[in-house]
Number of protein chains: 2
Amino acid sequence: MRPTITAFATSPDGGMGLARDMRVRWALEEVSQPYDVRLVTFAEMKEPAHLARQPFGQIPTYEEGSLTLFETGSIILHLGLTRPGLLPDDPDARARAITWLICALSTIEPPVIEREGFELTEADKPWFHARLPLLDDKVRTRLGSLSAALGSADWLEGEFSAGDLMMIEVLLRLEDPSLPGADLLHEFPTLAAYADRGRARPAFQRAFAAQKAVADAIREKASSS
Amino acid sequence: MRPTITAFATSPDGGMGLARDMRVRWALEEVSQPYDVRLVTFAEMKEPAHLARQPFGQIPTYEEGSLTLFETGSIILHLGLTRPGLLPDDPDARARAITWLICALSTIEPPVIEREGFELTEADKPWFHARLPLLDDKVRTRLGSLSAALGSADWLEGEFSAGDLMMIEVLLRLEDPSLPGADLLHEFPTLAAYADRGRARPAFQRAFAAQKAVADAIREKASSS
């Protein structure tokens, strides 16, 4: 059964890989699972048909026969539990890899997103410059601990896993060139190199190209019309 | 194999159930799994022995034979995947229940924690009263969608699951009486009733009593010395 995911008809980042369908595309490529994509406009994301798939009106979603999922963490976990390539076979190693996936979503991403949202929506507020360092430091604290945990290893738990995929996707948000603040990822060379290892994987490259092609097609259409 | 979890030797909330070991205790009670507790001081949480279990110096952790886990989401998922009582047997229903667990951690908790952290650490800042409504509204947006998704159902996906456990634990943070802001949970009667259904479960009650007993023992010792 070939699954269908949803993605932005018009991605806010113009195909730079920051939209969350990138995470699911990467996972699908890692397990060599072909898939279809249904593009949804911002208006369609708030309509009942999409809200039945995704109660918060976001992308991506995942449909496979009778199953409809949302939340990138859940979709990637589903792919990892049903197909080889994203989670170790050994039960202990598998539980540890899942721990890192949850850690990426629950411990690392929240301060990253809090800072990102602040930069995007409050840069014109009188408190912006006084508050930004507080948010930078919250991210630094987490990255420092993560860097120590990774140490000199290539991946967080033995071989590359869904935990690394999710962690690297979160780290790459820190490189968003549209954000005015410091490039926190490169303050931690261990983590910057780790993210580069993820980005060098053929599955990442294929997923990145696929999501960028959507944005490129829109740009081409706009420039030719 | 009887697992061991870690918990605060001195819980900041004095046993009101907001420390994250409550989530794991509740899950252990739902699957009728006896467990041991190792209490750790704030100093011990930053020492190498604990950082080897939890790289971010937090609680809880979970040890069971050769397996050591952190992240409440991962621990509860492990309990659900290895013992009956927290996840449906049907594969689709199981994947949907896991989706709600991840949703609690990745979609609902971040704005709840962002607002909580702001209330706890920036109440004396000149921007506090101007910013708080922005954070309240981010929480309200999520709760509105969640309330619509729950509708008139008792639980998010058929029977009570690990997804409900995690969602209700996140919602109960909004009731923290030490926070100065609005009681956002009770603006959504559907969700307040849902949280009450969770709190009424015998497994919740046993877990709550167990974590409160730790704080009560400390208070008794302090008052008698």
# chains A, B, ... in the order shown; residues from 1 in each chain; ligands from 1
>>> closest_atom_pairs(of="range 54-104 of chain A", to="range 102-107 of chain B", cutoff="9 Å", atoms="only C-alpha atoms", output="JSON lines")
{"residue": "A:Phe56", "atom": "CA", "partner": "B:Thr107", "partner_atom": "CA", "distance": 8.7}
{"residue": "A:Phe70", "atom": "CA", "partner": "B:Cys103", "partner_atom": "CA", "distance": 8.4}
{"residue": "A:Glu71", "atom": "CA", "partner": "B:Cys103", "partner_atom": "CA", "distance": 6.3}
{"residue": "A:Thr72", "atom": "CA", "partner": "B:Ile102", "partner_atom": "CA", "distance": 8.7}
{"residue": "A:Gly73", "atom": "CA", "partner": "B:Ile102", "partner_atom": "CA", "distance": 6.4}
{"residue": "A:Ser74", "atom": "CA", "partner": "B:Ile102", "partner_atom": "CA", "distance": 6.3}
{"residue": "A:Ile102", "atom": "CA", "partner": "B:Ile102", "partner_atom": "CA", "distance": 8.0}
>>> interface_residues(of="chain A", to="chain B", cutoff="10 Å", atoms="only C-alpha atoms", output="VMD selection string")
chain A and resid 51 to 52 54 to 57 64 to 75 77 to 78 81 91 to 107 109 to 111 113 to 114 122 125 to 128 131 141 to 150
>>> select_by_dssp(residues="range 73-163 of chain A", states="helix (DSSP H, G or I)", output="NGL selection string")
:A and (73-82 or 91-121 or 128-150 or 162-163)
>>> residues_around(residues="Thr6 in chain B", least_positions_apart="3", cutoff="8 Å", atoms="only C-alpha atoms", output="PyMOL selection string")
chain B and resi 21+37-40+59-62
>>> atom_distance(atom1="CA of Pro133 in chain A", atom2="CA of Glu169 in chain A")
23.2 Å
>>> select_by_dssp(residues="range 34-216 of chain B", states="strand (DSSP E or B)", output="ChimeraX atom specification")
/B:36-40,61-64,67-70
>>> residues_around(residues="Leu132 in chain A", least_positions_apart="4", cutoff="9 Å", atoms="only C-alpha atoms", output="PyMOL selection string")
chain A and resi 115+118-119+127-128+136-137+181
>>> closest_residue(among="B:Asp164, B:Glu44, B:Glu30, B:Asp124", to="Leu79 in chain B", atoms="only C-alpha atoms")
B:Glu30
>>> residues_around(residues="Trp155 in chain B", least_positions_apart="6", cutoff="9 Å", atoms="only C-alpha atoms", output="MDAnalysis selection string")
chainID B and resid 161 163:164 194 197
>>> write_last_selection(atoms="C-alpha atoms", output="mmCIF file, in the first residue's frame")
data_model
loop_
_atom_site.group_PDB
_atom_site.id
_atom_site.type_symbol
_atom_site.label_atom_id
_atom_site.label_comp_id
_atom_site.auth_asym_id
_atom_site.auth_seq_id
_atom_site.Cartn_x
_atom_site.Cartn_y
_atom_site.Cartn_z
ATOM 1 C CA SER B 161 -4.645 4.856 26.342
ATOM 2 C CA GLY B 163 -2.180 9.053 24.637
ATOM 3 C CA ASP B 164 -4.830 10.137 27.126
ATOM 4 C CA TYR B 194 -11.650 15.000 30.345
ATOM 5 C CA ARG B 197 -11.935 11.572 34.108
#
